[in-house]
Structures are given as C-alpha cells and as structure tokens.
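Engineer: Compact mmCIF, C-alpha atoms, file run_25.txt:
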# COMPACT_ATOMS: atom_id res chain seq x y z
CA MET R 181 0.00 0.00 0.00
CA VAL R 182 1.20 3.51 -0.81
CA LEU R 183 0.43 6.98 0.48
CA THR R 184 -1.87 8.33 -2.22
CA ASP R 185 -2.52 12.03 -2.83
CA GLU R 186 -5.92 11.56 -1.18
CA LEU R 187 -4.46 9.96 1.95
CA PHE R 188 -1.70 12.56 2.16
CA GLU R 189 -4.20 15.43 2.01
CA LYS R 190 -6.44 13.65 4.50
CA GLY R 191 -3.55 13.33 6.94
CA LYS R 192 -2.55 16.98 6.52
CA ARG R 193 -6.10 18.23 6.91
CA GLU R 194 -7.56 16.01 9.63
CA LEU R 195 -4.63 15.24 11.91
CA SER R 196 -2.87 17.33 14.51
CA VAL R 197 0.85 16.71 14.98
CA ARG R 198 1.45 13.31 16.64
CA ASP R 199 -2.13 12.20 15.98
CA CYS R 200 -3.00 8.82 14.51
CA LEU R 201 -5.88 8.03 12.15
CA PRO R 202 -6.81 4.39 11.46
CA ILE R 203 -7.55 3.74 7.78
CA ASP R 204 -8.73 0.17 8.33
CA GLU R 205 -7.75 -2.77 10.53
CA ASN R 206 -4.34 -3.01 8.86
CA TYR R 207 -3.12 0.56 8.28
CA VAL R 208 -2.91 3.94 10.01
CA LEU R 209 -1.94 7.47 9.09
CA LEU R 210 0.31 9.51 11.36
CA LYS R 211 1.25 13.17 11.24
CA LYS R 212 4.54 13.78 13.03
CA SER R 213 8.25 14.32 12.76
CA MET R 214 10.22 11.16 13.30
CA PRO R 215 12.82 10.76 16.09
CA CYS R 216 15.67 11.19 13.61
CA THR R 217 16.88 13.92 11.28
CA ASP R 218 15.51 14.24 7.77
CA ALA R 219 18.87 13.03 6.43
CA GLU R 220 18.59 9.84 8.50
CA ILE R 221 14.94 9.02 7.94
CA ASN R 222 15.33 6.52 5.12
CA GLU R 223 17.93 4.56 7.08
CA TYR R 224 15.63 4.66 10.12
CA ILE R 225 12.72 3.28 8.09
CA GLU R 226 14.95 0.59 6.62
CA ASN R 227 16.14 -0.47 10.08
CA ILE R 228 12.52 -0.85 11.21
CA ARG R 229 11.82 -2.99 8.13
CA LYS R 230 14.81 -5.20 8.90
CA ALA R 231 13.71 -5.58 12.53
CA HIS R 232 10.18 -6.47 11.41
CA ASP R 233 11.47 -8.96 8.84
CA SER R 234 13.61 -10.61 11.53
CA GLY R 235 10.40 -11.44 13.42
CA ILE R 236 10.22 -8.54 15.87
CA ASN R 237 6.67 -7.29 16.43
CA THR R 238 7.14 -3.71 15.29
CA PRO R 239 4.98 -2.17 12.53
CA ARG R 240 6.70 -0.98 9.35
CA ILE R 241 6.51 2.49 7.85
CA LEU R 242 5.27 1.83 4.33
CA ASP R 243 5.37 5.31 2.78
CA TYR R 244 5.62 8.97 3.73
CA ARG R 245 5.71 12.52 2.45
CA PHE R 246 7.02 15.61 4.16
CA ILE R 247 4.70 18.60 4.52
CA GLU R 248 5.96 21.72 2.80
CA GLY R 249 6.80 24.51 5.23
CA ALA R 250 6.86 22.17 8.27
CA THR R 251 10.63 21.98 8.78
CA SER R 252 12.53 22.95 11.92
CA THR R 253 16.26 23.56 11.42
CA TYR R 254 19.00 23.62 14.05
CA ASN R 255 22.67 24.54 13.89
CA LYS R 256 25.08 22.16 15.56
CA ASP R 257 28.85 22.05 15.81
CA ASP R 258 29.01 19.39 13.11
CA GLY R 259 26.55 21.08 10.76
CA THR R 260 22.89 21.91 10.24
CA ILE R 261 20.17 19.36 10.94
CA SER R 262 16.47 19.46 10.17
CA TYR R 263 13.28 17.73 11.28
CA THR R 264 10.20 17.91 9.09
CA VAL R 265 6.63 17.02 9.96
CA GLY R 266 5.20 14.56 7.48
CA VAL R 267 2.30 12.23 6.86
CA PHE R 268 3.29 8.59 7.33
CA LEU R 269 1.49 5.44 6.26
CA GLU R 270 2.19 2.64 8.74
CA GLU R 271 1.07 -0.87 9.50
CA ARG R 272 -1.41 -0.93 12.36
CA ALA R 273 -0.33 -2.61 15.60
CA LYS R 274 -2.68 -5.35 16.75
CA GLY R 275 -4.44 -5.14 20.10
CA VAL R 276 -4.62 -2.26 22.58
CA CYS R 277 -2.37 -0.39 24.99
CA ILE R 278 -3.20 -0.43 28.69
CA SER R 279 -4.87 2.72 30.02
CA SER R 280 -4.61 4.25 33.50
CA THR R 281 -6.89 7.26 33.17
CA SER R 282 -7.10 9.66 36.11
CA HIS R 283 -10.44 11.27 36.98
CA SER R 284 -11.46 14.50 38.66
CA LEU R 285 -14.16 14.20 41.31
CA ASN R 286 -16.97 16.69 40.80
CA SER R 287 -20.08 14.54 41.25
CA ASN R 288 -21.16 11.01 42.10
CA GLU R 289 -21.14 10.16 38.41
CA ASP R 290 -17.40 10.68 38.36
CA TYR R 291 -17.04 7.85 40.86
CA PHE R 292 -18.85 5.50 38.51
CA SER R 293 -16.73 6.64 35.55
CA PHE R 294 -13.68 5.91 37.67
CA LEU R 295 -14.99 2.42 38.47
CA ASP R 296 -15.61 1.78 34.76
CA SER R 297 -11.96 2.68 34.10
CA VAL R 298 -10.84 0.31 36.86
CA HIS R 299 -12.93 -2.50 35.35
CA ASN R 300 -11.43 -1.85 31.91
CA TYR R 301 -7.89 -1.80 33.29
CA ILE R 302 -8.34 -5.06 35.20
CA ASP R 303 -10.09 -6.74 32.25
CA GLU R 304 -7.08 -5.90 30.07
CA LEU R 305 -4.60 -7.00 32.74
CA GLU R 306 -6.38 -10.36 33.03
CA LYS R 307 -6.04 -10.90 29.28
CA ARG R 308 -2.31 -10.29 29.65
CA ALA R 309 -2.15 -12.60 32.67
CA ASN R 310 -3.72 -15.40 30.64
CA ALA R 311 -1.18 -15.09 27.81
CA SER R 312 1.34 -17.89 27.37
CA GLN R 313 4.90 -17.75 28.65
CA ASP R 314 6.02 -17.73 25.00
CA ILE R 315 4.39 -14.33 24.54
CA TYR R 316 6.38 -12.90 27.44
CA ASP R 317 9.59 -14.52 26.23
CA LYS R 318 9.05 -12.86 22.85
CA LEU R 319 8.27 -9.48 24.39
CA VAL R 320 11.60 -9.39 26.24
CA SER R 321 13.45 -10.84 23.24
CA ASP R 322 11.91 -8.23 20.91
CA TYR R 323 12.60 -5.41 23.35
CA ILE R 324 16.28 -6.31 23.55
CA GLY R 325 16.56 -7.46 19.93
CA LEU R 326 15.77 -4.01 18.53
CA SER R 327 19.33 -3.07 19.50
CA ASN R 328 20.59 -5.28 16.67
CA PHE R 329 19.06 -2.76 14.27
CA ASN R 330 20.25 0.41 16.02
CA LEU R 331 16.77 0.91 17.48
CA CYS R 332 15.25 0.90 20.94
CA PRO R 333 11.73 1.24 22.35
CA ASP R 334 10.36 4.47 23.75
CA PRO R 335 9.21 2.99 27.09
CA LYS R 336 5.88 4.84 27.46
CA PRO R 337 2.99 2.37 27.97
CA THR R 338 1.13 3.85 25.00
CA ASN R 339 3.90 2.57 22.72
CA PHE R 340 3.07 -1.07 23.44
CA PHE R 341 -0.02 -2.88 22.22
CA PHE R 342 -1.16 -6.32 23.37
CA ASP R 343 -3.09 -8.83 21.30
CA PRO R 344 -4.11 -12.12 22.98
CA LYS R 345 -3.11 -14.15 19.91
CA GLN R 346 -0.08 -12.28 18.59
CA GLY R 347 1.38 -10.87 21.78
CA TYR R 348 3.01 -7.48 22.31
CA PHE R 349 3.71 -4.96 19.54
CA ILE R 350 6.25 -2.14 19.90
CA ILE R 351 5.43 1.11 18.07
CA ASP R 352 7.25 4.46 17.70
CA VAL R 353 10.72 3.02 18.19
CA ILE R 354 13.69 5.39 18.54
CA ASP R 355 16.68 5.47 16.21
CA GLN R 356 19.32 4.72 18.80
CA LYS R 357 20.74 1.57 20.25
CA GLN R 358 19.74 0.42 23.74
CA ILE R 359 22.74 0.94 26.01
CA GLY R 360 22.97 -1.88 28.52
CA PHE R 361 20.25 -3.81 30.29
CA LYS R 362 20.14 -1.95 33.60
CA TYR R 363 16.60 -0.62 33.26
CA ILE R 364 15.11 -3.42 31.14
CA PRO R 365 13.21 -5.03 34.08
CA GLN R 366 11.68 -1.65 34.98
CA TYR R 367 10.68 -0.99 31.38
CA ILE R 368 9.12 -4.43 30.96
CA LEU R 369 6.95 -3.84 34.03
CA THR R 370 5.77 -0.55 32.52
CA VAL R 371 4.97 -2.29 29.22
CA ILE R 372 2.79 -4.87 30.94
CA LEU R 373 1.20 -2.91 33.79
CA GLY R 374 1.24 0.62 32.40
CA TYR R 375 1.18 3.21 35.16
CA GLY R 376 -1.05 1.07 37.34
CA LEU R 377 -4.68 1.33 38.38
CA PRO R 378 -6.67 4.46 37.48
CA HIS R 379 -7.13 7.07 40.22
CA ILE R 380 -9.71 9.70 41.10
CA PHE R 381 -8.79 13.00 42.77
CA ASP R 382 -10.88 15.68 44.45
CA SER R 383 -10.44 19.43 43.94
CA SER R 384 -7.53 19.54 46.43
CA TYR R 385 -5.87 16.68 44.56
CA THR R 386 -6.49 14.22 47.38
CA ASP R 387 -6.60 10.65 46.08
CA MET R 388 -10.14 9.37 46.61
CA SER R 389 -9.61 6.01 44.90
CA PHE R 390 -11.21 2.85 46.26
CA LEU R 391 -11.76 -0.74 45.15
CA THR R 392 -14.35 -3.35 45.89
CA GLN R 393 -12.98 -6.51 47.43
CA SER R 394 -13.63 -8.54 44.28
CA LEU R 395 -11.83 -5.98 42.08
CA LEU R 396 -8.83 -5.96 44.42
CA ASP R 397 -8.70 -9.76 44.39
CA ARG R 398 -8.84 -9.85 40.59
CA TYR R 399 -6.20 -7.15 40.29
CA ASN R 400 -3.76 -8.83 42.66
CA ALA R 401 -4.20 -12.23 41.04
CA ALA R 402 -3.61 -10.90 37.51
CA LYS R 403 -0.71 -8.75 38.62
CA GLU R 404 1.11 -11.66 40.26
CA LEU R 405 0.70 -13.80 37.16
CA VAL R 406 2.15 -11.22 34.76
CA LEU R 407 4.99 -10.44 37.17
CA GLU R 408 5.90 -14.12 37.37
CA LYS R 409 5.87 -14.53 33.58
CA ALA R 410 7.88 -11.35 33.06
CA MET R 411 10.50 -12.47 35.58
CA ILE R 412 10.86 -15.87 33.89
CA ALA R 413 11.25 -14.18 30.49
CA LEU R 414 13.92 -11.79 31.78
CA LYS R 415 15.90 -14.64 33.30
CA LYS R 416 15.79 -16.53 30.02
CA MET R 417 17.47 -13.52 28.38
CA GLN R 418 20.20 -13.79 31.01
CA ILE R 419 19.42 -10.54 32.78
CA PRO R 420 21.22 -10.96 36.15
CA ASP R 421 18.95 -12.20 38.95
CA GLU R 422 20.18 -9.46 41.28
CA GLN R 423 19.22 -6.79 38.78
CA ILE R 424 15.77 -8.30 38.16
CA ASN R 425 15.01 -8.69 41.87
CA GLU R 426 16.19 -5.19 42.70
CA GLU R 427 14.06 -3.56 40.01
CA PHE R 428 11.01 -5.74 40.69
CA ASN R 429 11.10 -5.13 44.43
CA GLU R 430 11.52 -1.40 43.89
CA ARG R 431 8.87 -1.03 41.19
CA LYS R 432 6.30 -3.46 42.54
CA ARG R 433 5.51 -0.97 45.30
CA ASN R 434 4.26 1.43 42.62
CA TYR R 435 1.57 -1.10 41.74
CA GLU R 436 0.27 -1.76 45.23
CA PHE R 437 -3.19 -0.43 46.05
CA TYR R 438 -3.35 1.72 49.19
CA GLY R 439 -6.89 3.13 49.07
CA ASP R 440 -10.10 1.97 50.73
CA VAL R 441 -11.36 -1.55 50.08
CA ILE R 442 -15.11 -1.99 50.50
CA PRO R 443 -17.61 -4.86 50.20
CA ASP R 444 -19.05 -5.28 46.72
CA ASP R 445 -22.59 -4.53 47.88
CA LYS R 446 -21.65 -1.26 49.61
CA VAL R 447 -20.50 0.82 46.62
CA GLU R 448 -23.37 3.31 46.51
CA GLU R 449 -23.42 3.63 50.28
CA TYR R 450 -19.68 4.34 50.30
CA ILE R 451 -19.94 6.92 47.50
CA ASN R 452 -22.81 8.75 49.15
CA SER R 453 -21.06 8.84 52.51
CA ASN R 454 -17.93 10.28 50.90
CA ARG R 455 -19.86 12.97 49.05
CA ASN R 456 -21.70 14.00 52.21
CA ARG R 457 -18.53 14.60 54.25
Hey, can you dump this file as structure tokens for me?

Structural biologist:
Amino acid sequence: MVLTDELFEKGKRELSVRDCLPIDENYVLLKKSMPCTDAEINEYIENIRKAHDSGINTPRILDYRFIEGATSTYNKDDGTISYTVGVFLEERAKGVCISSTSHSLNSNEDYFSFLDSVHNYIDELEKRANASQDIYDKLVSDYIGLSNFNLCPDPKPTNFFFDPKQGYFIIDVIDQKQIGFKYIPQYILTVILGYGLPHIFDSSYTDMSFLTQSLLDRYNAAKELVLEKAMIALKKMQIPDEQINEEFNERKRNYEFYGDVIPDDKVEEYINSNRNR
C-alpha cells in the first residue's frame, strides 16, 4: 500500500501533529516528525523494516511525504540538521495499549466513571495474565533485539499494544541503540502494567480512589501472574537475577493499592457517605 494524494491530504487536513488516524484494521496514518533527522529518515525506516522482517513485532513504515513549510532547522557544531513534519502510512499494531486514566471528582457520576476505568484496566490485565509464557519470552526478546538494528523502544505504555493471539507490539521506536540492560526489568513492568490502576482526585488533589474486594482480588491475582511470567522471560534472556530482583522489588511498590477496600454490595453507600462529608 502507498500513500496516495488523497491519503496525504487527508492526513494533513484532519490530523494534529502526533495524531494517529486508522484507515482500516491493517493501516494507520500519522502526522509527526520522526525521532531522527531528515537526512537519516530513510535509514531509520529501513532499520525498522529489517527488525520487522527478523520477526520482531514492530509495525513498518510503508510510505511517507514531508509537509511543505513544516521543517525545523537547528545549527550544531558538526553542521545543520532538520526535522520535518510529514504524513506517514504505517502498518497498524494489533491489540490495545493499557490505560490508567485519572479522573477528577466533581459529582457522584465521576465515581462510577472511575470504576468503569478500573474495570477496563483489570479486564485488560487479566487478558495479559492469561497469555502464554512464549508471549512474554518474545516481548523481552523483541525489546532487547531491537538493539541489533540500532533501534530501541520508547518505554511509554502507549507505545506497546497487546493482542491475545499475537502478543506485544512495539510502536514508535527510537533510532538509537539500547545501552545496557540496567533498566530493562523496569521498562518491561511498565509495558505490561502501564502506570497502574486508574485514580480519582478531588479538587484539592487528594486521592479518593477505592476498590471493591472482588476488584482488588482480581487485580492482585492478575498482577502476580504477569509479574511471574515477566520475571521468567527476563531470566531466560540472562538478565542478572540481582538486577531483576532489585528492580522488581523497587517497582512493585508502585503497583500496590493503598486506598479503601469496600464490600461489593456497599458501593453506593460508600460513595454517598464520601460525598456527604
């Protein structure tokens, strides 16, 4: 598939910079400047293709055009470099990224929106918990293997999609080689768990989050399963045990739930009592 005049104009007209527009289940349009200079962009695209062809789950950039008048130029000691916003046609990553939306508390309805977000987060985490060990082995292998192509992941959770059948996909890779494995365990946790459970905050930014007992039980069970599979996968890639344990013990605390836990049949009573304080 190529970037036609129609698709190019559509991307220019309908997208803001860094926005994504699905064309169909297989392709997306993006409007952005890539994380490399204009002079390096073709090599960057070729490296992604080579990584993809090697079996790494990273979508290819199939075609692109720069937008006239959308270039930023910088003077450096070794010469002038430029970055130009363009419209890019890419393969579409399968699955979804994990969302940890925060909510502002203004009414009782916001509590229920928060609970919907919690349900969605735990539903997605359970799908990841039920994935095979092979999927986790491939995630860690792909994450590290990008270095063979002078690429590395940008470790934001939104750059990783999970599909129950095909596993994890890595999008928006960076054109630089991963230096060492020190932070790999931390990054893998962020890939799988995102930033943790959603939260809800009142006007003074006090965390008003709570869970029902059944939601907490589901969350903890799914979390322990994905942590176990991630740890096994990291060990298979010969990441030192000491490094894995140190990062896991440090980061796991970020995924503990410290709010109120209430019986499942007391949700409305709890919400009303909070709002009447």

Engineer: By how many Å are atom CA of Arg272 of chain R and atom CA of Pro344 of chain R apart?

Structural biologist: 15.7 Å

Engineer: Pick the closest to Leu319 of chain R from R:Ile228, R:Cys277, R:Val267, R:Met417: which is it, counting all atoms listed in the file?

Structural biologist: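 The answer is R:Met417, which sits nearest to Leu319 of chain R.
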
Engineer: What does the distance between atom CA of Ile424 of chain R and atom CA of Leu369 of chain R come to in Å, to one decimal place?

Structural biologist: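 The value is 10.7 Å.
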
Engineer: At a cut-off of 12 Å, using only C-alpha atoms, what residues contact Phe361 of chain R? Leave out same-chain residues fewer than 6 positions from it and give the result as JSON, numbers by chain.

Structural biologist: {"R": [320, 323, 324, 325, 327, 332, 367, 368, 414, 417, 418, 419, 420, 423, 424, 427]}

Engineer: Rounded to one decimal, what separation in Å do you get between atom CA of Lys432 of chain R and atom CA of Pro335 of chain R?

Structural biologist: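 Computing it gives 17.0 Å between the two atoms.
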
Engineer: Hey, what's within 7 Å of Asp343 of chain R if we count all atoms listed in the file and toss same-chain stuff fewer than 2 positions away? As a PyMOL selection string, please?

Structural biologist: chain R and resi 274-276+341+345-348

Engineer: Closest to Leu183 of chain R among R:Arg240, R:Ser252, R:Pro378, R:Phe268, using only C-alpha atoms?

Structural biologist: R:Phe268

Engineer: Taking into account all atoms listed in the file, which residue in the set R:Phe342, R:Tyr244, R:Tyr450, R:Tyr363 is nearest to Glu306 of chain R?

Structural biologist: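 Smallest distance to Glu306 of chain R is found for R:Phe342.
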
Engineer: Find the residues near Asn300 of chain R: any atom within 12 Å, counting only C-alpha atoms, skip ones fewer than 4 places away on the same chain, and give them as a ChimeraX atom specification.

Structural biologist: /R:276-281,293-296,304-307,377-378,395,399

Engineer: Tell me which of R:Asp290, R:Asp199, R:Phe329, R:Leu396 sits closest to Asp233 of chain R, counting only C-alpha atoms.

Structural biologist: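 Looking only at the distances to Asp233 of chain R, the closest residue turns out to be R:Phe329.
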
Engineer: For Leu391 of chain R, which residue among R:Asp444, R:Asp243, R:Glu289, R:Asp334 is the nearest when counting all atoms listed in the file?

Structural biologist: R:Asp444

Engineer: How big is the axis-aligned box around all listed atoms of segment 257-262 of chain R once 8 Å goes on each side, and where's its centre, in Å to one decimal, as lines of an AutoDock Vina configuration file?

Structural biologist:
center_x = 22.7
center_y = 20.7
center_z = 13.0
size_x = 28.5
size_y = 18.7
size_z = 21.6

Engineer: Counting all atoms listed in the file, which residue out of R:Asn206, R:Asn330, R:Asn434, R:Ser312 sits closest to Gln356 of chain R?

Structural biologist: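 Checking each candidate against Gln356 of chain R, we get R:Asn330 as the closest.
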
Engineer: Around (18.6, 14.5, 8.0), as given in the file, which residues come within 8 Å? Count all atoms listed in the file and list them as a ChimeraX atom specification.

Structural biologist: /R:216-221,261-263

Engineer: Give me the residues within 7 Å of Phe246 of chain R as a PyMOL selection string, counting all atoms listed in the file and dropping any in the same chain fewer than 5 places off.

Structural biologist: chain R and resi 264-267
